[in-house]
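Colleague: Provided below: structure.cif, containing mmCIF, C-alpha atoms.
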data_my_file
#
loop_
_atom_site.label_atom_id
_atom_site.label_comp_id
_atom_site.auth_asym_id
_atom_site.auth_seq_id
_atom_site.Cartn_x
_atom_site.Cartn_y
_atom_site.Cartn_z
CA MET A 5 -90.15 97.59 -190.07
CA LEU A 6 -90.88 98.17 -193.77
CA LYS A 7 -93.59 95.59 -194.39
CA ASP A 8 -95.11 95.95 -197.88
CA LYS A 9 -93.26 99.20 -198.58
CA VAL A 10 -91.94 99.70 -202.12
CA ALA A 11 -88.36 100.99 -202.18
CA VAL A 12 -86.08 102.12 -205.01
CA VAL A 13 -82.34 102.06 -204.24
CA THR A 14 -79.84 103.55 -206.69
CA GLY A 15 -76.29 102.24 -206.53
CA GLY A 16 -77.72 99.09 -204.99
CA THR A 17 -75.48 96.44 -206.49
CA ARG A 18 -72.57 96.50 -204.05
CA GLY A 19 -71.13 98.00 -200.87
CA ILE A 20 -73.42 100.21 -198.83
CA GLY A 21 -76.17 100.14 -201.45
CA TYR A 22 -76.30 96.35 -201.50
CA ALA A 23 -76.41 96.30 -197.69
CA ILE A 24 -79.37 98.72 -197.78
CA VAL A 25 -81.22 96.56 -200.30
CA LYS A 26 -80.67 93.44 -198.20
CA LYS A 27 -81.67 95.20 -194.98
CA TYR A 28 -84.88 96.47 -196.57
CA LEU A 29 -85.75 93.01 -197.91
CA GLU A 30 -85.13 91.47 -194.48
CA ASN A 31 -87.61 93.98 -193.09
CA GLY A 32 -90.45 93.23 -195.47
CA ALA A 33 -89.98 95.75 -198.29
CA LYS A 34 -90.27 95.15 -202.01
CA VAL A 35 -87.04 96.52 -203.49
CA ILE A 36 -86.05 97.70 -206.93
CA LEU A 37 -82.32 98.28 -207.19
CA PHE A 38 -80.52 100.36 -209.80
CA GLY A 39 -77.02 99.58 -211.04
CA SER A 40 -74.66 101.03 -213.60
CA ARG A 41 -74.52 97.97 -215.90
CA PRO A 42 -76.68 94.92 -216.70
CA GLU A 43 -74.02 92.50 -215.45
CA THR A 44 -73.67 94.19 -212.04
CA VAL A 45 -77.44 94.23 -211.62
CA GLU A 46 -77.72 90.53 -212.49
CA LYS A 47 -74.85 89.65 -210.14
CA ALA A 48 -76.52 91.48 -207.23
CA LEU A 49 -79.91 89.92 -207.92
CA SER A 50 -78.38 86.45 -208.15
CA SER A 51 -76.59 86.95 -204.83
CA LEU A 52 -79.75 88.15 -203.10
CA LYS A 53 -81.88 85.34 -204.51
CA SER A 54 -79.29 82.79 -203.39
CA GLU A 55 -79.81 84.03 -199.82
CA ASN A 56 -83.60 84.02 -200.05
CA PRO A 57 -85.35 82.98 -203.30
CA SER A 58 -88.64 84.47 -202.11
CA TRP A 59 -87.34 88.02 -201.65
CA PRO A 60 -89.33 90.43 -203.86
CA VAL A 61 -86.45 92.19 -205.62
CA GLU A 62 -85.70 93.22 -209.18
CA GLY A 63 -83.23 95.56 -210.84
CA PHE A 64 -82.70 98.05 -213.64
CA HIS A 65 -79.76 99.97 -215.04
CA PRO A 66 -80.99 103.38 -216.25
CA ASN A 67 -78.45 106.05 -217.11
CA LEU A 68 -78.78 108.28 -214.05
CA SER A 69 -77.39 111.22 -216.03
CA ASP A 70 -80.40 111.03 -218.36
CA ALA A 71 -83.38 112.63 -216.64
CA LYS A 72 -85.90 111.27 -219.15
CA GLU A 73 -84.60 107.71 -218.85
CA VAL A 74 -84.66 107.84 -215.06
CA ALA A 75 -88.19 109.26 -215.04
CA LYS A 76 -89.41 106.58 -217.45
CA THR A 77 -87.95 103.82 -215.26
CA ILE A 78 -89.42 105.24 -212.04
CA GLU A 79 -92.82 105.76 -213.66
CA GLY A 80 -92.72 102.13 -214.85
CA ILE A 81 -92.04 100.96 -211.31
CA LYS A 82 -95.04 102.91 -210.06
CA GLU A 83 -97.24 101.39 -212.76
CA LYS A 84 -96.19 97.88 -211.74
CA TYR A 85 -96.25 98.24 -207.94
CA GLY A 86 -98.89 100.94 -207.58
CA ARG A 87 -96.71 103.22 -205.45
CA ILE A 88 -93.18 104.16 -204.42
CA ASP A 89 -92.78 104.65 -200.67
CA ILE A 90 -89.01 105.02 -200.36
CA LEU A 91 -86.36 106.44 -202.69
CA VAL A 92 -82.72 105.94 -201.68
CA ASN A 93 -80.25 107.97 -203.73
CA ASN A 94 -77.05 106.06 -203.04
CA ALA A 95 -75.28 106.00 -206.41
CA GLY A 96 -72.15 108.13 -206.57
CA ILE A 97 -68.43 108.29 -207.25
CA SER A 98 -65.54 109.42 -205.06
CA ASP A 99 -62.52 111.49 -206.05
CA SER A 100 -59.07 112.28 -204.68
CA THR A 101 -57.60 114.45 -207.45
CA LYS A 102 -55.57 117.49 -206.42
CA ALA A 103 -57.13 120.81 -207.40
CA ASP A 104 -54.48 121.66 -210.00
CA ALA A 105 -54.60 118.21 -211.59
CA TYR A 106 -58.24 118.00 -212.68
CA GLU A 107 -58.71 117.20 -216.36
CA ASP A 108 -61.41 118.74 -218.54
CA GLY A 109 -64.83 117.47 -217.52
CA GLN A 110 -63.62 115.51 -214.48
CA PHE A 111 -65.11 117.88 -211.89
CA GLU A 112 -68.37 118.01 -213.84
CA LYS A 113 -68.55 114.19 -213.98
CA VAL A 114 -68.45 113.93 -210.18
CA MET A 115 -71.10 116.62 -209.77
CA ASP A 116 -73.28 115.03 -212.45
CA LEU A 117 -73.54 111.63 -210.77
CA ASN A 118 -73.42 112.81 -207.15
CA VAL A 119 -75.82 115.75 -207.47
CA ASN A 120 -77.66 115.97 -210.79
CA ALA A 121 -78.54 112.25 -210.76
CA ILE A 122 -80.21 112.66 -207.37
CA PHE A 123 -82.44 115.39 -208.72
CA HIS A 124 -83.26 113.29 -211.79
CA ALA A 125 -84.65 110.58 -209.48
CA VAL A 126 -86.25 112.96 -207.00
CA GLN A 127 -88.41 114.80 -209.55
CA PRO A 128 -90.53 111.84 -210.76
CA ALA A 129 -90.56 110.26 -207.30
CA VAL A 130 -91.91 113.44 -205.69
CA LYS A 131 -94.77 113.57 -208.17
CA ILE A 132 -95.71 109.98 -207.30
CA MET A 133 -95.34 110.51 -203.56
CA LYS A 134 -97.51 113.62 -203.61
CA GLU A 135 -100.26 111.74 -205.45
CA GLN A 136 -100.21 108.86 -202.95
CA GLY A 137 -100.10 111.12 -199.89
CA GLY A 138 -96.52 110.84 -198.74
CA GLY A 139 -93.19 109.06 -198.90
CA CYS A 140 -89.57 109.05 -197.84
CA ILE A 141 -86.45 110.21 -199.69
CA LEU A 142 -83.00 109.31 -198.37
CA ASN A 143 -79.68 110.50 -199.76
CA THR A 144 -76.15 109.22 -199.20
CA SER A 145 -73.90 112.04 -198.05
CA SER A 146 -70.44 111.64 -196.48
CA MET A 147 -68.47 112.70 -193.43
CA VAL A 148 -66.43 114.92 -195.77
CA SER A 149 -69.57 116.95 -196.43
CA ILE A 150 -69.09 118.23 -192.88
CA SER A 151 -65.31 118.45 -192.56
CA GLY A 152 -64.04 118.58 -196.13
CA GLN A 153 -61.01 116.59 -197.27
CA PRO A 154 -57.44 117.39 -198.36
CA GLY A 155 -57.78 116.70 -202.08
CA GLY A 156 -60.51 115.61 -204.45
CA VAL A 157 -62.45 118.81 -203.89
CA ALA A 158 -65.21 117.72 -206.28
CA TYR A 159 -66.32 114.96 -203.92
CA PRO A 160 -66.90 117.00 -200.74
CA ALA A 161 -68.35 119.81 -202.87
CA SER A 162 -70.88 117.36 -204.30
CA LYS A 163 -71.75 116.03 -200.86
CA PHE A 164 -72.19 119.56 -199.46
CA ALA A 165 -74.68 119.95 -202.33
CA VAL A 166 -76.40 116.71 -201.30
CA ASN A 167 -76.86 118.14 -197.81
CA GLY A 168 -78.30 121.33 -199.29
CA LEU A 169 -80.73 119.36 -201.41
CA THR A 170 -81.74 117.28 -198.41
CA LEU A 171 -82.40 120.21 -196.08
CA SER A 172 -84.24 122.27 -198.69
CA LEU A 173 -86.37 119.41 -199.98
CA ALA A 174 -87.33 118.52 -196.41
CA ARG A 175 -88.67 122.02 -195.88
CA GLU A 176 -90.42 122.12 -199.25
CA LEU A 177 -91.96 118.65 -199.15
CA GLY A 178 -92.87 118.37 -195.47
CA PRO A 179 -96.40 119.73 -196.05
CA SER A 180 -96.90 116.90 -198.56
CA ASN A 181 -95.96 114.33 -195.89
CA ILE A 182 -92.68 113.52 -197.67
CA ARG A 183 -89.71 113.17 -195.33
CA VAL A 184 -86.20 113.83 -196.66
CA ASN A 185 -83.04 112.88 -194.79
CA ALA A 186 -79.43 111.93 -195.52
CA VAL A 187 -76.89 109.55 -194.02
CA ALA A 188 -73.24 110.65 -193.87
CA PRO A 189 -71.04 107.54 -193.62
CA GLY A 190 -67.46 107.63 -192.47
CA ILE A 191 -64.76 105.16 -193.47
CA THR A 192 -66.69 102.01 -194.32
CA LYS A 193 -65.49 98.54 -195.27
CA THR A 194 -66.54 98.56 -198.90
CA ASP A 195 -64.61 96.55 -201.52
CA MET A 196 -62.25 99.46 -202.06
CA VAL A 197 -61.42 99.89 -198.37
CA ALA A 198 -61.21 96.14 -197.75
CA ALA A 199 -58.56 95.90 -200.48
CA LEU A 200 -56.25 98.40 -198.78
CA PRO A 201 -53.15 96.96 -197.08
CA ASP A 202 -53.10 96.81 -193.29
CA GLU A 203 -50.38 99.47 -193.09
CA MET A 204 -52.83 101.93 -194.66
CA ILE A 205 -55.87 100.84 -192.65
CA GLN A 206 -54.31 100.97 -189.18
CA PRO A 207 -53.43 104.71 -189.29
CA LEU A 208 -57.02 105.39 -190.43
CA ILE A 209 -58.44 103.41 -187.52
CA LYS A 210 -56.37 105.45 -185.07
CA THR A 211 -58.25 108.59 -186.21
CA ILE A 212 -61.62 107.00 -185.35
CA PRO A 213 -62.64 107.26 -181.68
CA LEU A 214 -64.51 103.95 -181.85
CA ARG A 215 -61.28 102.40 -183.16
CA ARG A 216 -62.76 100.44 -186.03
CA VAL A 217 -63.84 100.88 -189.62
CA GLY A 218 -67.58 100.90 -190.18
CA GLU A 219 -69.38 97.97 -191.75
CA PRO A 220 -71.87 98.45 -194.60
CA GLU A 221 -74.53 97.08 -192.24
CA ASP A 222 -73.82 99.90 -189.77
CA VAL A 223 -74.81 102.37 -192.46
CA ALA A 224 -77.71 100.26 -193.70
CA ASN A 225 -79.16 100.26 -190.18
CA ALA A 226 -79.33 104.05 -190.30
CA PHE A 227 -81.13 103.91 -193.65
CA LEU A 228 -83.56 101.37 -192.18
CA PHE A 229 -84.39 103.57 -189.20
CA LEU A 230 -84.89 106.69 -191.32
CA ALA A 231 -87.15 104.84 -193.77
CA SER A 232 -89.28 103.30 -191.03
CA ASP A 233 -92.22 104.68 -189.08
CA MET A 234 -89.90 104.96 -186.08
CA ALA A 235 -88.55 108.09 -187.81
CA SER A 236 -91.96 109.49 -188.71
CA TYR A 237 -91.10 112.85 -187.11
CA VAL A 238 -87.55 113.03 -188.44
CA THR A 239 -86.86 115.10 -191.55
CA GLY A 240 -84.17 117.48 -192.73
CA GLU A 241 -81.44 115.58 -190.85
CA ILE A 242 -77.90 114.60 -191.92
CA LEU A 243 -77.20 111.54 -189.77
CA SER A 244 -73.48 110.86 -189.29
CA VAL A 245 -72.50 107.20 -189.10
CA ASP A 246 -68.73 107.54 -188.78
CA GLY A 247 -67.61 106.52 -185.29
CA ALA A 248 -66.96 110.24 -184.65
CA ALA A 249 -64.21 110.25 -187.28
CA ARG A 250 -63.30 113.50 -188.95
CA ALA A 251 -61.56 113.65 -192.33
#
Produce structure tokens that represent the structure in this file.

Modeller:
Amino acid sequence: MLKDKVAVVTGGTRGIGYAIVKKYLENGAKVILFGSRPETVEKALSSLKSENPSWPVEGFHPNLSDAKEVAKTIEGIKEKYGRIDILVNNAGISDSTKADAYEDGQFEKVMDLNVNAIFHAVQPAVKIMKEQGGGCILNTSSMVSISGQPGGVAYPASKFAVNGLTLSLARELGPSNIRVNAVAPGITKTDMVAALPDEMIQPLIKTIPLRRVGEPEDVANAFLFLASDMASYVTGEILSVDGAARA
């Protein structure tokens, strides 16, 4: 579905991001993943290569809070591969702090990685995609961007902002043949969720009409569809992948 496409995936070393990278590789894409540290990038690459040594994948660890560093990395990818067809902005951090317990700079840290970092990657990617005649930008939102959550207000606020970026960029970039969409996952079996005791998981499952926690592959499938030509007339959408759960 993505044969010979060049994709950049931030936050691609574990969880949903890793599942997206693997799904894209399985579908013929060349993938460049971003991670927060050299060791996490190497671990992800080693795991992927152990599954299929011939997969065309490499990784970098730019500071996503540094616009110049991100731009330099993305421009280097374009120089090597000739184009960038897909940008997946998946990197982010969650938060559950109560409103009156935030420490200095804590709110800003969440907004910086969940919102500013997306724009830092979007700017150089848009320039490249305009020059090549089109592309696809996908952002990771969250079900709490729709329903909010009781605590950790910085996280849903940042994901509301992600939705705003997605919708506005779709309208702005559509004439340049650049599609922009987001995926809003619900409770998904990442390392953090998998580590929770059963007595915490079961009450969560009861709130989900499909009566199960999502798998990273469930979310990756949505990212695959939106990146593919099957979604060539889909832009400006926030696709919920949450089993109809509501926070």

Colleague: Would you work out the distance separating atom CA of Ile24 of chain A from atom CA of Val92 of chain A, expressed in Å to one decimal?

Modeller: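 Separation of atom CA of Ile24 of chain A and atom CA of Val92 of chain A: 8.9 Å.
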
Colleague: Residues at most 6 Å from segment 211-228 of chain A, counting all atoms listed in the file, excluding those fewer than 2 positions away in the same chain, as a ChimeraX atom specification?

Modeller: /A:20,23-24,191-193,208-209,230-231,247,249

Colleague: Can I get the selection written as a PDB file, in the frame of the given file, with C-alpha atoms?

Modeller:
ATOM      1  CA  ILE A  20     -73.420 100.210-198.830  1.00  0.00           C
ATOM      2  CA  ALA A  23     -76.410  96.300-197.690  1.00  0.00           C
ATOM      3  CA  ILE A  24     -79.370  98.720-197.780  1.00  0.00           C
ATOM      4  CA  ILE A 191     -64.760 105.160-193.470  1.00  0.00           C
ATOM      5  CA  THR A 192     -66.690 102.010-194.320  1.00  0.00           C
ATOM      6  CA  LYS A 193     -65.490  98.540-195.270  1.00  0.00           C
ATOM      7  CA  LEU A 208     -57.020 105.390-190.430  1.00  0.00           C
ATOM      8  CA  ILE A 209     -58.440 103.410-187.520  1.00  0.00           C
ATOM      9  CA  LEU A 230     -84.890 106.690-191.320  1.00  0.00           C
ATOM     10  CA  ALA A 231     -87.150 104.840-193.770  1.00  0.00           C
ATOM     11  CA  GLY A 247     -67.610 106.520-185.290  1.00  0.00           C
ATOM     12  CA  ALA A 249     -64.210 110.250-187.280  1.00  0.00           C
TER      13      ALA A 249
END

Colleague: For the provided coordinates, the residues matched by the PyMOL selection byres ((chain A and resi 141) around 7) should be stated as a PDB file with C-alpha atoms, in the coordinates of the input.

Modeller:
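Okay, part.pdb is ready:
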ATOM      1  CA  ILE A  90     -89.010 105.020-200.360  1.00  0.00           C
ATOM      2  CA  LEU A  91     -86.360 106.440-202.690  1.00  0.00           C
ATOM      3  CA  VAL A  92     -82.720 105.940-201.680  1.00  0.00           C
ATOM      4  CA  GLY A 139     -93.190 109.060-198.900  1.00  0.00           C
ATOM      5  CA  CYS A 140     -89.570 109.050-197.840  1.00  0.00           C
ATOM      6  CA  LEU A 142     -83.000 109.310-198.370  1.00  0.00           C
ATOM      7  CA  ASN A 143     -79.680 110.500-199.760  1.00  0.00           C
ATOM      8  CA  ARG A 183     -89.710 113.170-195.330  1.00  0.00           C
ATOM      9  CA  VAL A 184     -86.200 113.830-196.660  1.00  0.00           C
ATOM     10  CA  ASN A 185     -83.040 112.880-194.790  1.00  0.00           C
TER      11      ASN A 185
END

Colleague: Please measure the separation of atom CA of Met147 of chain A and atom CA of Pro189 of chain A, giving the value in Å to one decimal.

Modeller: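 Atom CA of Pro189 of chain A lies at a distance of 5.8 Å from atom CA of Met147 of chain A.
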
Colleague: What does the distance between atom CA of Phe38 of chain A and atom CA of Met133 of chain A come to in Å, to one decimal place?

Modeller: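 Interatomic distance, atom CA of Phe38 of chain A to atom CA of Met133 of chain A: 19.0 Å.
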
Colleague: When you count all atoms listed in the file, which of these residues is closest to Ser58 of chain A: A:Gly152, A:Gly32, A:Pro201, A:Pro128?

Modeller: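 Comparing A:Gly152, A:Gly32, A:Pro201, A:Pro128 against Ser58 of chain A, the winner is A:Gly32.
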
Colleague: Applying 7 Å and all atoms listed in the file, which residues near Leu29 of chain A remain after dropping the ones on its own chain fewer than 5 positions away? List them as a tab-separated table (two decimals) with C-alpha atoms, in the coordinates of the input.

Modeller:
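What follows is the written file around.tsv:
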chain	number	residue	atom	x	y	z
A	34	LYS	CA	-90.27	95.15	-202.01
A	35	VAL	CA	-87.04	96.52	-203.49
A	59	TRP	CA	-87.34	88.02	-201.65

Colleague: Could you give me, as an mmCIF file with C-alpha atoms, in the coordinates of the input, the residues within 10 Å of Val126 of chain A, counting only C-alpha atoms and dropping anything in the same chain fewer than 2 positions from it?

Modeller:
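Final output, selection.cif:
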data_model
loop_
_atom_site.group_PDB
_atom_site.id
_atom_site.type_symbol
_atom_site.label_atom_id
_atom_site.label_comp_id
_atom_site.auth_asym_id
_atom_site.auth_seq_id
_atom_site.Cartn_x
_atom_site.Cartn_y
_atom_site.Cartn_z
ATOM 1 C CA VAL A 74 -84.660 107.840 -215.060
ATOM 2 C CA ALA A 75 -88.190 109.260 -215.040
ATOM 3 C CA ILE A 78 -89.420 105.240 -212.040
ATOM 4 C CA LEU A 91 -86.360 106.440 -202.690
ATOM 5 C CA VAL A 92 -82.720 105.940 -201.680
ATOM 6 C CA ASN A 93 -80.250 107.970 -203.730
ATOM 7 C CA ASN A 120 -77.660 115.970 -210.790
ATOM 8 C CA ALA A 121 -78.540 112.250 -210.760
ATOM 9 C CA ILE A 122 -80.210 112.660 -207.370
ATOM 10 C CA PHE A 123 -82.440 115.390 -208.720
ATOM 11 C CA HIS A 124 -83.260 113.290 -211.790
ATOM 12 C CA PRO A 128 -90.530 111.840 -210.760
ATOM 13 C CA ALA A 129 -90.560 110.260 -207.300
ATOM 14 C CA VAL A 130 -91.910 113.440 -205.690
ATOM 15 C CA LYS A 131 -94.770 113.570 -208.170
ATOM 16 C CA ILE A 132 -95.710 109.980 -207.300
ATOM 17 C CA ILE A 141 -86.450 110.210 -199.690
ATOM 18 C CA LEU A 142 -83.000 109.310 -198.370
ATOM 19 C CA LEU A 173 -86.370 119.410 -199.980
#

Colleague: Which residue gives the smallest distance to Gln153 of chain A among A:His65, A:Ser100, A:Ile36, A:Tyr28, with all atoms listed in the file counted?

Modeller: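 Distance minimum relative to Gln153 of chain A lands on A:Ser100.
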
Colleague: Just checking: using all atoms listed in the file, which residue out of A:Ile88, A:Leu37, A:Leu117, A:Leu52 ends up closest to Ile182 of chain A?

Modeller: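 With all atoms listed in the file as the atom set, the closest residue is A:Ile88.
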
Colleague: Quick one: residues within 10 Å of Thr44 of chain A, all atoms listed in the file counted, chain neighbours fewer than 3 positions away excluded, as a PyMOL selection string?

Modeller: chain A and resi 16-18+38-41+47-50+63-65

Colleague: Carefully work through the PyMOL selection byres ((chain A and resi 162) around 9) for this structure and note down the residues it includes, as a PDB file with C-alpha atoms, keeping the file's coordinate frame.

Modeller:
ATOM      1  CA  VAL A 114     -68.450 113.930-210.180  1.00  0.00           C
ATOM      2  CA  MET A 115     -71.100 116.620-209.770  1.00  0.00           C
ATOM      3  CA  ASP A 116     -73.280 115.030-212.450  1.00  0.00           C
ATOM      4  CA  ASN A 118     -73.420 112.810-207.150  1.00  0.00           C
ATOM      5  CA  VAL A 119     -75.820 115.750-207.470  1.00  0.00           C
ATOM      6  CA  SER A 145     -73.900 112.040-198.050  1.00  0.00           C
ATOM      7  CA  SER A 149     -69.570 116.950-196.430  1.00  0.00           C
ATOM      8  CA  VAL A 157     -62.450 118.810-203.890  1.00  0.00           C
ATOM      9  CA  ALA A 158     -65.210 117.720-206.280  1.00  0.00           C
ATOM     10  CA  TYR A 159     -66.320 114.960-203.920  1.00  0.00           C
ATOM     11  CA  PRO A 160     -66.900 117.000-200.740  1.00  0.00           C
ATOM     12  CA  ALA A 161     -68.350 119.810-202.870  1.00  0.00           C
ATOM     13  CA  LYS A 163     -71.750 116.030-200.860  1.00  0.00           C
ATOM     14  CA  PHE A 164     -72.190 119.560-199.460  1.00  0.00           C
ATOM     15  CA  ALA A 165     -74.680 119.950-202.330  1.00  0.00           C
ATOM     16  CA  VAL A 166     -76.400 116.710-201.300  1.00  0.00           C
ATOM     17  CA  ASN A 167     -76.860 118.140-197.810  1.00  0.00           C
TER      18      ASN A 167
END

Colleague: When distances are computed from only C-alpha atoms, which of A:Gly155, A:Gly190, A:Gly137, A:Pro179 shows the smallest separation from Leu243 of chain A?

Modeller: A:Gly190

Colleague: With all atoms listed in the file as the basis for distance, which of A:Lys7, A:Lys84, A:Lys76, A:Lys27 is at the shortest distance from Glu62 of chain A?

Modeller: A:Lys84

Colleague: What do you get, as a ChimeraX atom specification, if you spell out every residue that the PyMOL selection byres ((chain A and resi 241) around 8) selects here?

Modeller: /A:170-171,184-186,238-240,242-243

Colleague: Selected residues, C-alpha atoms, written as a PDB file, keeping the file's coordinate frame, please.

Modeller:
ATOM      1  CA  THR A 170     -81.740 117.280-198.410  1.00  0.00           C
ATOM      2  CA  LEU A 171     -82.400 120.210-196.080  1.00  0.00           C
ATOM      3  CA  VAL A 184     -86.200 113.830-196.660  1.00  0.00           C
ATOM      4  CA  ASN A 185     -83.040 112.880-194.790  1.00  0.00           C
ATOM      5  CA  ALA A 186     -79.430 111.930-195.520  1.00  0.00           C
ATOM      6  CA  VAL A 238     -87.550 113.030-188.440  1.00  0.00           C
ATOM      7  CA  THR A 239     -86.860 115.100-191.550  1.00  0.00           C
ATOM      8  CA  GLY A 240     -84.170 117.480-192.730  1.00  0.00           C
ATOM      9  CA  ILE A 242     -77.900 114.600-191.920  1.00  0.00           C
ATOM     10  CA  LEU A 243     -77.200 111.540-189.770  1.00  0.00           C
TER      11      LEU A 243
END

Colleague: Under the rule that all atoms listed in the file are counted, which of A:Lys53, A:Arg250, A:Lys134, A:Lys102 is the nearest residue to Gly156 of chain A?

Modeller: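 For Gly156 of chain A, the nearest of the given residues is A:Lys102.
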
Colleague: Please rebuild segment 202-213 of chain A with N, CA, C and O atoms and return the result as an mmCIF file, keeping the file's coordinate frame.

Modeller:
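Wrote rebuild-v5.cif, looks like this:
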data_model
loop_
_atom_site.group_PDB
_atom_site.id
_atom_site.type_symbol
_atom_site.label_atom_id
_atom_site.label_comp_id
_atom_site.auth_asym_id
_atom_site.auth_seq_id
_atom_site.Cartn_x
_atom_site.Cartn_y
_atom_site.Cartn_z
ATOM 1 N N ASP A 202 -52.941 96.534 -194.720
ATOM 2 C CA ASP A 202 -53.100 96.810 -193.290
ATOM 3 C C ASP A 202 -52.332 98.057 -192.861
ATOM 4 O O ASP A 202 -52.795 98.790 -191.983
ATOM 5 N N GLU A 203 -51.177 98.298 -193.478
ATOM 6 C CA GLU A 203 -50.380 99.470 -193.090
ATOM 7 C C GLU A 203 -51.058 100.783 -193.450
ATOM 8 O O GLU A 203 -50.713 101.845 -192.917
ATOM 9 N N MET A 204 -52.041 100.733 -194.352
ATOM 10 C CA MET A 204 -52.830 101.930 -194.660
ATOM 11 C C MET A 204 -54.072 102.021 -193.772
ATOM 12 O O MET A 204 -54.506 103.107 -193.407
ATOM 13 N N ILE A 205 -54.641 100.872 -193.440
ATOM 14 C CA ILE A 205 -55.870 100.840 -192.650
ATOM 15 C C ILE A 205 -55.632 101.231 -191.195
ATOM 16 O O ILE A 205 -56.408 102.004 -190.601
ATOM 17 N N GLN A 206 -54.551 100.726 -190.602
ATOM 18 C CA GLN A 206 -54.310 100.970 -189.180
ATOM 19 C C GLN A 206 -54.202 102.448 -188.818
ATOM 20 O O GLN A 206 -54.795 102.896 -187.821
ATOM 21 N N PRO A 207 -53.459 103.269 -189.597
ATOM 22 C CA PRO A 207 -53.430 104.710 -189.290
ATOM 23 C C PRO A 207 -54.813 105.357 -189.384
ATOM 24 O O PRO A 207 -55.128 106.274 -188.620
ATOM 25 N N LEU A 208 -55.655 104.860 -190.314
ATOM 26 C CA LEU A 208 -57.020 105.390 -190.430
ATOM 27 C C LEU A 208 -57.823 105.064 -189.183
ATOM 28 O O LEU A 208 -58.561 105.908 -188.655
ATOM 29 N N ILE A 209 -57.690 103.828 -188.700
ATOM 30 C CA ILE A 209 -58.440 103.410 -187.520
ATOM 31 C C ILE A 209 -58.073 104.245 -186.310
ATOM 32 O O ILE A 209 -58.931 104.557 -185.466
ATOM 33 N N LYS A 210 -56.818 104.652 -186.209
ATOM 34 C CA LYS A 210 -56.370 105.450 -185.070
ATOM 35 C C LYS A 210 -57.038 106.827 -185.032
ATOM 36 O O LYS A 210 -57.080 107.465 -183.973
ATOM 37 N N THR A 211 -57.562 107.289 -186.173
ATOM 38 C CA THR A 211 -58.250 108.590 -186.210
ATOM 39 C C THR A 211 -59.721 108.465 -185.828
ATOM 40 O O THR A 211 -60.418 109.469 -185.729
ATOM 41 N N ILE A 212 -60.207 107.240 -185.643
ATOM 42 C CA ILE A 212 -61.620 107.000 -185.350
ATOM 43 C C ILE A 212 -61.777 106.691 -183.865
ATOM 44 O O ILE A 212 -61.237 105.700 -183.377
ATOM 45 N N PRO A 213 -62.498 107.510 -183.110
ATOM 46 C CA PRO A 213 -62.640 107.260 -181.680
ATOM 47 C C PRO A 213 -63.164 105.873 -181.317
ATOM 48 O O PRO A 213 -62.766 105.321 -180.285
#
